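Engineer: Please find my_file.txt (compact mmCIF, C-alpha atoms and all ligand atoms) on the next line:
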# COMPACT_ATOMS: atom_id res chain seq x y z
CA MET X 30 -36.46 -134.75 97.92
CA VAL X 31 -33.14 -133.45 99.26
CA ARG X 32 -34.96 -130.84 101.33
CA ALA X 33 -37.06 -133.65 102.78
CA GLY X 34 -33.92 -135.54 103.85
CA GLN X 35 -33.68 -138.03 100.99
CA LEU X 36 -30.52 -139.15 99.18
CA ALA X 37 -29.75 -138.06 95.61
CA ALA X 38 -26.89 -139.35 93.52
CA PHE X 39 -25.81 -136.56 91.17
CA PRO X 40 -23.18 -135.84 88.53
CA THR X 41 -20.25 -133.51 89.07
CA GLU X 42 -17.30 -132.72 86.78
CA THR X 43 -15.12 -135.20 88.74
CA VAL X 44 -17.20 -138.26 89.73
CA TYR X 45 -20.81 -138.89 90.80
CA GLY X 46 -21.67 -137.96 94.38
CA LEU X 47 -24.17 -139.40 96.86
CA GLY X 48 -25.71 -136.26 98.29
CA CYS X 49 -27.94 -135.15 101.12
CA ASP X 50 -28.68 -131.96 103.05
CA ALA X 51 -25.45 -131.25 104.96
CA PHE X 52 -27.45 -130.15 108.01
CA ASN X 53 -29.79 -133.16 108.24
CA THR X 54 -28.20 -135.68 110.62
CA TYR X 55 -30.70 -138.42 109.80
CA ALA X 56 -29.90 -138.16 106.09
CA LEU X 57 -26.15 -138.01 106.82
CA ALA X 58 -26.39 -141.24 108.81
CA ARG X 59 -28.10 -142.90 105.85
CA VAL X 60 -25.28 -141.84 103.51
CA PHE X 61 -22.78 -143.65 105.75
CA GLU X 62 -25.04 -146.72 105.89
CA VAL X 63 -25.63 -146.90 102.14
CA LYS X 64 -21.91 -146.55 101.39
CA LYS X 65 -20.87 -148.83 104.28
CA ARG X 66 -18.47 -146.03 105.06
CA PRO X 67 -16.74 -145.89 108.44
CA ARG X 68 -17.93 -142.96 110.55
CA PHE X 69 -14.38 -141.67 110.96
CA ASP X 70 -14.26 -140.70 107.27
CA PRO X 71 -15.63 -137.16 106.83
CA LEU X 72 -17.73 -135.96 103.86
CA ILE X 73 -17.22 -133.04 101.49
CA VAL X 74 -19.85 -130.28 101.65
CA HIS X 75 -20.76 -129.00 98.18
CA ILE X 76 -21.80 -125.39 97.66
CA ALA X 77 -23.07 -123.35 94.71
CA SER X 78 -21.96 -119.86 95.76
CA LEU X 79 -19.11 -118.33 97.77
CA ASP X 80 -21.67 -116.88 100.20
CA ALA X 81 -22.70 -120.39 101.22
CA MET X 82 -19.36 -120.70 103.08
CA GLU X 83 -20.79 -118.44 105.78
CA ARG X 84 -22.93 -121.32 107.08
CA LEU X 85 -19.94 -123.68 107.17
CA VAL X 86 -16.65 -121.92 107.84
CA ASP X 87 -15.51 -120.26 111.09
CA PHE X 88 -13.75 -117.25 109.57
CA SER X 89 -12.69 -116.06 113.05
CA ARG X 90 -10.26 -118.98 113.19
CA LEU X 91 -8.57 -118.07 109.89
CA SER X 92 -5.24 -116.26 110.13
CA ALA X 93 -4.51 -113.48 107.63
CA GLY X 94 -2.38 -115.91 105.60
CA MET X 95 -5.12 -118.54 105.51
CA GLU X 96 -7.72 -115.97 104.54
CA TYR X 97 -5.49 -114.75 101.74
CA ARG X 98 -4.99 -118.29 100.40
CA LEU X 99 -8.72 -119.00 100.61
CA SER X 100 -9.49 -115.83 98.68
CA VAL X 101 -6.88 -116.44 95.96
CA LEU X 102 -7.72 -120.13 95.51
CA SER X 103 -11.49 -119.77 95.62
CA HIS X 104 -11.51 -116.91 93.12
CA ALA X 105 -9.05 -118.54 90.71
CA LEU X 106 -10.06 -122.21 90.92
CA TRP X 107 -13.72 -122.34 91.96
CA PRO X 108 -15.98 -123.65 90.59
CA GLY X 109 -13.62 -126.56 89.90
CA PRO X 110 -12.12 -129.84 91.11
CA LEU X 111 -10.58 -128.47 94.32
CA THR X 112 -11.78 -129.21 97.88
CA LEU X 113 -10.57 -126.91 100.63
CA ILE X 114 -10.26 -127.97 104.28
CA LEU X 115 -11.24 -125.05 106.53
CA PRO X 116 -12.07 -124.47 110.22
CA LYS X 117 -15.72 -125.35 110.71
CA LEU X 118 -18.55 -123.65 112.53
CA ARG X 119 -19.97 -125.60 115.49
CA THR X 120 -23.35 -125.76 113.76
CA VAL X 121 -22.03 -128.05 111.02
CA PRO X 122 -23.06 -131.57 112.11
CA ASP X 123 -20.23 -133.69 113.54
CA LEU X 124 -21.47 -136.58 111.44
CA ALA X 125 -20.58 -134.68 108.25
CA THR X 126 -17.06 -133.91 109.46
CA ALA X 127 -16.44 -137.08 111.52
CA GLY X 128 -16.06 -134.93 114.61
CA LEU X 129 -13.13 -132.96 113.16
CA GLU X 130 -12.63 -129.25 113.83
CA THR X 131 -12.53 -128.72 110.07
CA VAL X 132 -14.94 -129.01 107.16
CA ALA X 133 -14.18 -129.93 103.54
CA VAL X 134 -15.79 -127.47 101.11
CA ARG X 135 -16.13 -127.87 97.35
CA PHE X 136 -17.74 -125.69 94.66
CA PRO X 137 -18.19 -128.07 91.70
CA ALA X 138 -18.01 -126.94 88.06
CA HIS X 139 -21.12 -128.72 86.82
CA ASP X 140 -24.37 -126.98 85.90
CA GLY X 141 -26.60 -129.85 87.03
CA ALA X 142 -24.83 -130.17 90.38
CA LEU X 143 -24.97 -126.40 90.97
CA LYS X 144 -28.66 -126.30 90.18
CA LEU X 145 -29.37 -129.18 92.55
CA ILE X 146 -27.38 -127.54 95.37
CA ALA X 147 -28.81 -124.05 94.85
CA GLU X 148 -32.41 -125.19 94.53
CA SER X 149 -32.36 -127.61 97.48
CA THR X 150 -30.56 -126.49 100.63
CA GLY X 151 -27.44 -124.65 99.43
CA ALA X 152 -25.11 -127.14 101.15
CA ILE X 153 -25.02 -130.80 100.08
CA ALA X 154 -22.76 -133.27 101.83
CA ALA X 155 -21.64 -135.90 99.36
CA PRO X 156 -19.02 -138.60 99.19
CA SER X 157 -18.40 -140.33 95.87
CA ALA X 158 -21.39 -142.58 95.12
CA ASN X 159 -19.64 -145.96 95.43
CA PRO X 160 -19.41 -148.55 98.20
CA PHE X 161 -16.51 -147.63 100.52
CA GLY X 162 -13.13 -148.62 99.09
CA TYR X 163 -14.42 -149.48 95.60
CA LEU X 164 -13.91 -147.66 92.28
CA SER X 165 -15.56 -144.23 92.05
CA PRO X 166 -18.53 -143.89 89.64
CA THR X 167 -18.08 -141.78 86.52
CA ARG X 168 -21.49 -142.64 85.05
CA ALA X 169 -25.03 -142.91 86.42
CA GLU X 170 -25.00 -146.62 85.43
CA HIS X 171 -22.09 -147.24 87.83
CA VAL X 172 -24.16 -145.78 90.67
CA ARG X 173 -27.19 -147.86 89.71
CA GLU X 174 -25.11 -151.06 89.59
CA GLN X 175 -23.26 -150.41 92.85
CA LEU X 176 -25.87 -148.77 95.08
CA GLY X 177 -29.15 -149.40 93.23
CA ASP X 178 -32.33 -149.04 95.25
CA ALA X 179 -30.54 -147.84 98.36
CA VAL X 180 -30.46 -144.37 96.75
CA ASP X 181 -33.75 -142.41 96.49
CA VAL X 182 -32.96 -140.82 93.11
CA ILE X 183 -30.12 -140.93 90.61
CA LEU X 184 -29.68 -137.88 88.36
CA ASP X 185 -28.06 -138.89 85.07
CA GLY X 186 -25.74 -136.24 83.63
CA GLY X 187 -23.83 -138.55 81.30
CA PRO X 188 -20.16 -139.46 81.75
CA ALA X 189 -18.12 -137.25 84.11
CA ASP X 190 -15.79 -134.82 82.36
CA ILE X 191 -12.69 -135.05 84.53
CA GLY X 192 -13.26 -138.58 85.80
CA ILE X 193 -11.01 -138.38 88.88
CA GLU X 194 -11.92 -136.87 92.27
CA SER X 195 -11.14 -133.34 93.38
CA THR X 196 -7.78 -132.44 94.90
CA VAL X 197 -8.18 -132.13 98.69
CA LEU X 198 -6.07 -129.23 99.98
CA ASP X 199 -5.75 -128.44 103.68
CA ILE X 200 -5.48 -124.68 104.19
CA SER X 201 -6.67 -124.79 107.80
CA SER X 202 -3.14 -124.76 109.22
CA VAL X 203 -0.07 -122.60 108.75
CA ALA X 204 1.52 -124.91 106.17
CA PRO X 205 -0.98 -125.78 103.41
CA ARG X 206 -0.71 -129.28 102.00
CA ILE X 207 -2.40 -131.66 99.61
CA LEU X 208 -4.19 -134.51 101.39
CA ARG X 209 -5.38 -136.19 98.19
CA PRO X 210 -4.03 -135.49 94.69
CA GLY X 211 -6.89 -135.00 92.23
CA GLY X 212 -8.34 -133.01 89.36
CA THR X 213 -6.42 -129.81 90.14
CA PRO X 214 -2.68 -130.48 89.67
CA ARG X 215 -0.18 -129.42 92.34
CA ASN X 216 1.63 -126.98 90.01
CA VAL X 217 -1.61 -125.07 89.34
CA ILE X 218 -2.14 -124.59 93.10
CA GLU X 219 1.51 -123.73 93.76
CA SER X 220 1.46 -121.06 91.05
CA LEU X 221 -1.09 -119.27 93.26
CA THR X 222 0.07 -120.14 96.79
CA GLY X 223 3.79 -120.75 96.47
CA PRO X 224 5.31 -124.14 97.43
CA LEU X 225 3.11 -126.53 99.42
CA THR X 226 4.30 -128.77 102.24
CA ALA X 227 5.30 -132.09 100.70
CA GLU X 228 3.79 -134.88 102.81
CA ALA X 229 1.71 -135.53 105.89
CA PRO X 230 4.03 -135.42 108.95
CA ASP X 231 5.40 -138.91 109.85
CA GLY X 232 3.14 -140.57 107.28
CA LYS X 233 0.11 -140.11 109.52
CA ILE X 234 -3.27 -140.49 107.79
CA SER X 235 -5.06 -137.18 108.04
CA SER X 236 -7.57 -137.85 105.28
CA PRO X 237 -9.03 -141.31 104.81
CA GLY X 238 -8.64 -140.92 101.03
CA GLN X 239 -5.01 -141.54 102.00
CA LEU X 240 -5.77 -145.08 103.18
CA LYS X 241 -3.36 -147.36 101.40
CA SER X 242 -6.00 -149.58 99.85
CA HIS X 243 -8.82 -147.57 98.29
CA TYR X 244 -10.43 -146.89 94.92
CA ALA X 245 -9.92 -150.60 94.24
CA PRO X 246 -11.39 -152.95 91.64
CA SER X 247 -12.31 -156.47 92.79
CA LYS X 248 -9.59 -158.02 90.61
CA GLU X 249 -5.92 -158.18 91.58
CA LEU X 250 -4.08 -155.25 90.05
CA TYR X 251 -0.33 -155.21 89.38
CA LEU X 252 1.44 -151.94 88.60
CA HIS X 253 4.45 -151.63 86.32
CA THR X 254 6.68 -148.94 84.89
CA ALA X 255 6.32 -148.38 81.14
CA ALA X 256 9.48 -150.40 80.48
CA GLU X 257 8.33 -153.33 82.66
CA MET X 258 4.87 -153.30 81.09
CA CYS X 259 6.33 -153.63 77.57
CA ARG X 260 8.39 -156.64 78.66
CA LEU X 261 5.45 -158.61 80.17
CA GLU X 262 4.59 -161.92 78.64
CA PHE X 263 0.98 -162.05 77.37
CA CYS X 264 -1.28 -164.09 79.64
CA PRO X 265 -4.85 -164.88 78.52
CA ASP X 266 -6.17 -164.66 82.08
CA ALA X 267 -5.19 -160.98 82.40
CA ALA X 268 -6.39 -157.58 81.17
CA TYR X 269 -3.79 -154.95 80.26
CA LEU X 270 -4.16 -151.25 80.93
CA PHE X 271 -1.62 -149.20 78.96
CA PHE X 272 -1.03 -145.49 79.32
CA ASN X 273 -0.54 -144.76 75.60
CA GLN X 274 -0.45 -146.36 72.16
CA ALA X 275 3.36 -146.52 72.11
CA SER X 276 3.50 -148.81 75.17
CA PHE X 277 0.85 -151.10 73.76
CA LYS X 278 2.65 -151.27 70.40
CA THR X 279 5.96 -152.33 71.98
CA PHE X 280 4.20 -154.92 74.17
CA ALA X 281 2.29 -156.29 71.13
CA GLU X 282 5.50 -156.51 69.05
CA ASN X 283 7.37 -158.29 71.86
CA ASN X 284 4.55 -160.83 72.15
CA GLY X 285 3.87 -161.24 68.41
CA LEU X 286 0.32 -159.89 68.82
CA PRO X 287 -1.76 -157.80 66.35
CA SER X 288 -0.95 -154.09 66.60
CA GLU X 289 -4.55 -152.95 67.14
CA PRO X 290 -5.83 -153.24 70.73
CA SER X 291 -9.31 -154.11 69.37
CA ASP X 292 -7.86 -157.33 67.87
CA GLY X 293 -6.85 -158.55 71.32
CA GLY X 294 -10.14 -160.18 72.35
CA GLY X 295 -11.12 -157.24 74.58
CA ARG X 296 -8.11 -157.65 76.89
CA PHE X 297 -6.17 -154.51 75.95
CA PHE X 298 -7.02 -151.00 77.06
CA ILE X 299 -5.25 -147.70 76.45
CA LEU X 300 -5.99 -144.77 78.77
CA SER X 301 -4.99 -142.20 76.15
CA PRO X 302 -3.65 -143.27 72.73
CA SER X 303 -1.89 -139.90 72.31
CA GLY X 304 -0.58 -139.87 75.90
CA SER X 305 -2.75 -137.00 77.18
CA LEU X 306 -2.97 -137.01 81.00
CA THR X 307 -6.34 -135.23 80.87
CA GLU X 308 -7.80 -137.93 78.66
CA ALA X 309 -6.17 -140.65 80.78
CA ALA X 310 -7.72 -139.26 83.99
CA SER X 311 -11.15 -139.08 82.41
CA SER X 312 -11.03 -142.70 81.23
CA LEU X 313 -9.34 -144.24 84.31
CA PHE X 314 -12.30 -145.30 86.49
CA ASP X 315 -14.52 -145.95 83.50
CA THR X 316 -11.96 -148.36 82.04
CA LEU X 317 -11.36 -150.04 85.41
CA HIS X 318 -15.14 -150.59 85.75
CA THR X 319 -15.17 -152.25 82.31
CA ILE X 320 -12.13 -154.41 83.09
CA ASP X 321 -13.56 -155.42 86.46
CA ALA X 322 -16.56 -156.98 84.69
CA LEU X 323 -14.38 -159.12 82.34
CA PRO X 324 -13.79 -162.84 82.90
CA VAL X 325 -10.11 -162.34 83.81
CA SER X 326 -8.50 -162.77 87.19
CA LEU X 327 -5.87 -160.05 87.14
CA ILE X 328 -5.07 -156.64 85.74
CA HIS X 329 -1.66 -155.37 84.64
CA ALA X 330 -1.49 -151.58 84.62
CA GLU X 331 1.18 -149.10 83.58
CA HIS X 332 2.22 -146.05 85.64
CA PRO X 333 1.56 -142.84 83.69
CA PRO X 334 4.19 -140.07 83.86
CA LYS X 335 4.45 -138.50 87.34
CA GLU X 336 3.54 -134.91 86.41
CA GLY X 337 0.38 -132.75 86.39
CA LEU X 338 -2.74 -134.95 86.53
CA GLY X 339 -0.41 -137.96 86.47
CA ASP X 340 0.00 -137.53 90.26
CA ALA X 341 -3.70 -138.25 90.81
CA ILE X 342 -3.80 -141.15 88.33
CA ASN X 343 -0.72 -142.75 89.90
CA ASP X 344 -2.18 -142.24 93.38
CA ARG X 345 -5.42 -144.06 92.45
CA LEU X 346 -3.60 -146.90 90.66
CA SER X 347 -1.21 -147.41 93.59
CA ARG X 348 -4.11 -147.63 96.03
CA ALA X 349 -5.97 -150.00 93.71
CA ALA X 350 -2.88 -152.24 93.82
CA ALA X 351 -1.96 -151.76 97.45
CA ARG X 352 -3.69 -154.73 99.04
CA LEU X 353 -1.36 -157.13 97.29
CA GLU X 354 1.51 -158.29 99.41
CA ASN X 355 3.34 -160.23 96.74
CA ILE X 356 3.82 -159.06 93.21
CA ARG X 357 3.59 -162.13 91.00
CA MET X 358 5.55 -161.64 87.83
CA ASP X 359 4.82 -164.97 86.16
CA CYS X 360 1.60 -163.94 84.43
O1 LIG X 401 -14.49 -135.00 93.46
C1 LIG X 401 -14.83 -135.23 94.62
O2 LIG X 401 -14.24 -134.76 95.59
C2 LIG X 401 -16.06 -136.16 94.81
C3 LIG X 401 -17.29 -135.46 94.25
C4 LIG X 401 -18.55 -136.24 94.51
O3 LIG X 401 -17.38 -134.17 94.75
N1 LIG X 401 -16.23 -136.46 96.20
C5 LIG X 401 -15.41 -137.30 96.87
O4 LIG X 401 -15.80 -137.53 98.17
O5 LIG X 401 -14.43 -137.82 96.37
P1 LIG X 401 -15.19 -138.71 99.07
O6 LIG X 401 -16.00 -138.70 100.30
O7 LIG X 401 -15.12 -139.94 98.29
O8 LIG X 401 -13.76 -138.20 99.41
C6 LIG X 401 -13.59 -137.10 100.29
C7 LIG X 401 -12.20 -137.06 100.81
C8 LIG X 401 -11.93 -138.23 101.73
O9 LIG X 401 -10.62 -138.69 101.48
C9 LIG X 401 -12.06 -137.57 103.10
O10 LIG X 401 -11.30 -138.24 104.06
C10 LIG X 401 -11.52 -136.18 102.83
O11 LIG X 401 -12.03 -135.85 101.56
N2 LIG X 401 -12.01 -135.21 103.82
C11 LIG X 401 -13.28 -134.78 104.00
N3 LIG X 401 -13.35 -133.92 105.05
C12 LIG X 401 -12.10 -133.79 105.53
C13 LIG X 401 -11.52 -133.04 106.60
N4 LIG X 401 -12.25 -132.25 107.38
N5 LIG X 401 -10.18 -133.17 106.81
C14 LIG X 401 -9.43 -133.98 106.01
N6 LIG X 401 -9.93 -134.71 104.99
C15 LIG X 401 -11.24 -134.62 104.75
MG MG X 402 -14.60 -141.65 97.48
Using structure tokens, write down the structure from this file.
Ligand code: TXA
Ligand code: MG

Structural biologist:
Amino acid sequence: MVRAGQLAAFPTETVYGLGCDAFNTYALARVFEVKKRPRFDPLIVHIASLDAMERLVDFSRLSAGMEYRLSVLSHALWPGPLTLILPKLRTVPDLATAGLETVAVRFPAHDGALKLIAESTGAIAAPSANPFGYLSPTRAEHVREQLGDAVDVILDGGPADIGIESTVLDISSVAPRILRPGGTPRNVIESLTGPLTAEAPDGKISSPGQLKSHYAPSKELYLHTAAEMCRLEFCPDAAYLFFNQASFKTFAENNGLPSEPSDGGGRFFILSPSGSLTEAASSLFDTLHTIDALPVSLIHAEHPPKEGLGDAINDRLSRAAARLENIRMDC
């Protein structure tokens, strides 16, 4: 089906993708239509072998330093949740890269995804399989609910392992930098490349995943530090997303509530009872999907620690909350 230009939603270790042949412009246009994604937002091209880069990357435009970083990162971290931005060959359709001089390349660590890529066309362009701006899908059911019949086939690989998108790292210029924090933490990359440039120059958006409001549920989401979260007054019209058991316990004590989240009428959620950032990342979107379907009008969420995978979780939560101008603290 992919060879024939159809669209396949498929599992990866991060989130589900909505894939098509990266070289079929008709199929690429359909991906943008189905997702209602603006054409200025480029797609990631997924590969299943290092050799496949030869059809995508213009190696003549890589400096020695860039080539070295590509070699070190691809050998150490691929397959895995890391997307590399590289100079593209002219033959890569402009639709896939939104007319940029660069292409995003990812080698996913998921047997089903690799099989699909290798046995179809060797290069599958795929954004996350959600309507633009909404929560990313971590299960086949999420794709079915959000995109349904608009997709030609949905491959069900069960819940995604990592649950948060790949880290997007730009190594196409002299100073490499992270454009989107994700499943590969900054410190893991820096241990191989040395220090990365901190931020995009003058706050300019160079990757639409950096749009302020993105990855958002349909409910209003308010973000709090752990200390603020514990001091909130319980409101029956809200759902509460805690980072760990300790935060929930303090909140429950302060409000005279039962100490088990399950006794709270389905309003209390804990990303990782033991406080593991890996577990928290893997349950983030899944939990937000569940909360979004509840009959509540707002969500209170706690910032996880800002280290390792916490960077990516905090990034997604901040964007989910970003469209709110006024933080209401009454409820
Ligand atoms: O984990 C993932 O990366 C998932 C799975 C399906 O692989 N894919 C994913 O794709 O999250 P998407 O389209 O939702 O996000 C791709 C991000 C966007 O923020 C896009 O702007 C950025 O990568 N991107 C793609 N090509 C780029 C380029 N040439 N330069 C800068 N950013 C780029
Ligand atoms: Mg996405």

Engineer: Hey, what's within 9 Å of X:Leu317 if we count all atoms listed in the file and toss same-chain stuff fewer than 6 positions away? As a short mmCIF file (atom, residue, chain, number, x, y, z; two decimals) with C-alpha atoms, keeping the file's coordinate frame, please?

Structural biologist:
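Generated output (selection.cif):
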data_model
loop_
_atom_site.label_atom_id
_atom_site.label_comp_id
_atom_site.auth_asym_id
_atom_site.auth_seq_id
_atom_site.Cartn_x
_atom_site.Cartn_y
_atom_site.Cartn_z
CA LEU X 164 -13.91 -147.66 92.28
CA ALA X 245 -9.92 -150.60 94.24
CA PRO X 246 -11.39 -152.95 91.64
CA LEU X 270 -4.16 -151.25 80.93
#

Engineer: Quick one: which chain X residues come within 7 Å of ligand MG 402 (chain X), and what is the nearest atom pair for each with the distance in Å to one decimal, counting all atoms listed in the file, rows ordered by chain and ascending number, as a tab-separated table?

Structural biologist:
residue	atom	partner	partner_atom	distance
X:Pro156	CA	X:MG402	MG	5.6
X:Ser157	CA	X:MG402	MG	4.3
X:Asn159	CA	X:MG402	MG	6.9
X:Phe161	CA	X:MG402	MG	7.0
X:Ser165	CA	X:MG402	MG	6.1
X:Gly238	CA	X:MG402	MG	7.0

Engineer: Let me see if you get this right: every residue at most 6 Å from ligand LIG 401 (chain X), counting only C-alpha atoms and all ligand atoms, written as a list in words.

Structural biologist: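 Written in the requested form, the residues are Thr43, Val44, Tyr45, Gly46, Asp70, Pro71, Leu72, Ile73, Ile114, Thr126, Leu129, Thr131, Val132, Ala133, Ala155, Pro156, Ser157, Glu194, Ser195, Ser235, Ser236, Pro237 and Gly238 of chain X.
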
Engineer: By how many Å are atom CA of X:Ser202 and atom CA of X:Pro137 apart?

Structural biologist: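 Spanning atom CA of X:Ser202 to atom CA of X:Pro137 is a straight-line distance of 23.3 Å.
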
Engineer: Please list, as a VMD selection string, the residues that have an atom at most 8 Å away from (0.2, -149.5, 86.9) in the coordinates of this file, counting all atoms listed in the file.

Structural biologist: chain X and resid 250 to 254 270 329 to 333 343 346 to 347

Engineer: Could you write out the selected residues, including C-alpha atoms, as a tab-separated table (two decimals), keeping the file's coordinate frame?

Structural biologist:
chain	number	residue	atom	x	y	z
X	250	LEU	CA	-4.08	-155.25	90.05
X	251	TYR	CA	-0.33	-155.21	89.38
X	252	LEU	CA	1.44	-151.94	88.60
X	253	HIS	CA	4.45	-151.63	86.32
X	254	THR	CA	6.68	-148.94	84.89
X	270	LEU	CA	-4.16	-151.25	80.93
X	329	HIS	CA	-1.66	-155.37	84.64
X	330	ALA	CA	-1.49	-151.58	84.62
X	331	GLU	CA	1.18	-149.10	83.58
X	332	HIS	CA	2.22	-146.05	85.64
X	333	PRO	CA	1.56	-142.84	83.69
X	343	ASN	CA	-0.72	-142.75	89.90
X	346	LEU	CA	-3.60	-146.90	90.66
X	347	SER	CA	-1.21	-147.41	93.59

Engineer: Counting all atoms listed in the file, note down every residue that has an atom within 12 Å of the point (-20.9, -151.8, 86.0) (file coordinates), as a list in words.

Structural biologist: Asn159, Tyr163, Leu164, Ser165, Pro166, Thr167, Arg168, Ala169, Glu170, His171, Val172, Arg173, Glu174, Gln175, Leu176, Gly177, Pro246, Ser247, Phe314, Asp315, Thr316, Leu317, His318, Thr319, Ile320, Asp321, Ala322 and Leu323 of chain X

Engineer: Excluding X:Val197 and residues on its chain fewer than 4 positions from it, collect all residues at most 12 Å away from it, counting all atoms listed in the file, and give them as a PyMOL selection string.

Structural biologist: chain X and resi 72-73+109-115+132-135+193+201+205-215+218+235-239+341

Engineer: Mind pulling up the distance from atom CA of X:Lys248 to atom CA of X:Val325?

Structural biologist: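 Value for the atom CA of X:Val325-atom CA of X:Lys248 distance: 8.1 Å.
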
Engineer: Let me make sure I understand: among X:Gly151, X:Gly223, X:Gly187, X:Ser291, which one has the smallest atom-to-atom distance to X:Ala204 if we use all atoms listed in the file?

Structural biologist: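 Closest residue, counting all atoms listed in the file: X:Gly223.
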
Engineer: As an exercise, work out the distance from atom CA of X:Ala268 to atom CA of X:Asp292 in Å and give it to one decimal place.

Structural biologist: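 Answer for the atom CA of X:Ala268 to atom CA of X:Asp292 separation: 13.4 Å.
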
Engineer: So which residues touch X:Lys65 within 9 Å, counting all atoms listed in the file, skipping near sequence neighbours fewer than 4 positions away, as JSON, numbers by chain?

Structural biologist: {"X": [60, 61, 160, 161]}

Engineer: Near X:Ala105, counting all atoms listed in the file, which residues have an atom at most 9 Å away, once you skip same-chain residues fewer than 4 positions from it, shown as number ranges by chain?

Structural biologist: X: 100-101, 221

Engineer: Ranking X:Gly48, X:Pro188, X:Pro290, X:Gly162 by minimum distance to X:Ala125 and counting only C-alpha atoms, which one comes first?

Structural biologist: X:Gly48

Engineer: Can you list, as a CSV table (one decimal) with C-alpha atoms, in the frame of the given file, every protein, DNA or RNA residue that comes within 6 Å of stretch 80-90 of chain X when you count only C-alpha atoms, leaving out same-chain residues fewer than 5 positions away?

Structural biologist:
chain,number,residue,atom,x,y,z
X,116,PRO,CA,-12.1,-124.5,110.2
X,117,LYS,CA,-15.7,-125.4,110.7
X,118,LEU,CA,-18.6,-123.6,112.5

Engineer: Name the closest residue to X:Asn284 among the candidates X:Cys259, X:Leu225, X:Val121, X:Val203; distances are taken between atoms, counting only C-alpha atoms.

Structural biologist: X:Cys259

Engineer: My list of candidates is X:Pro324, X:Gly337, X:Gly186, X:Gly128. Which is closest to X:Phe39 when distances are computed with all atoms listed in the file?

Structural biologist: X:Gly186

Engineer: Measuring atom to atom with only C-alpha atoms, identify which of X:Val180, X:Leu306, X:Leu313, X:Ala349 is nearest to X:Lys335.

Structural biologist: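 Between X:Val180, X:Leu306, X:Leu313, X:Ala349, the residue approaching X:Lys335 most closely is X:Leu306.
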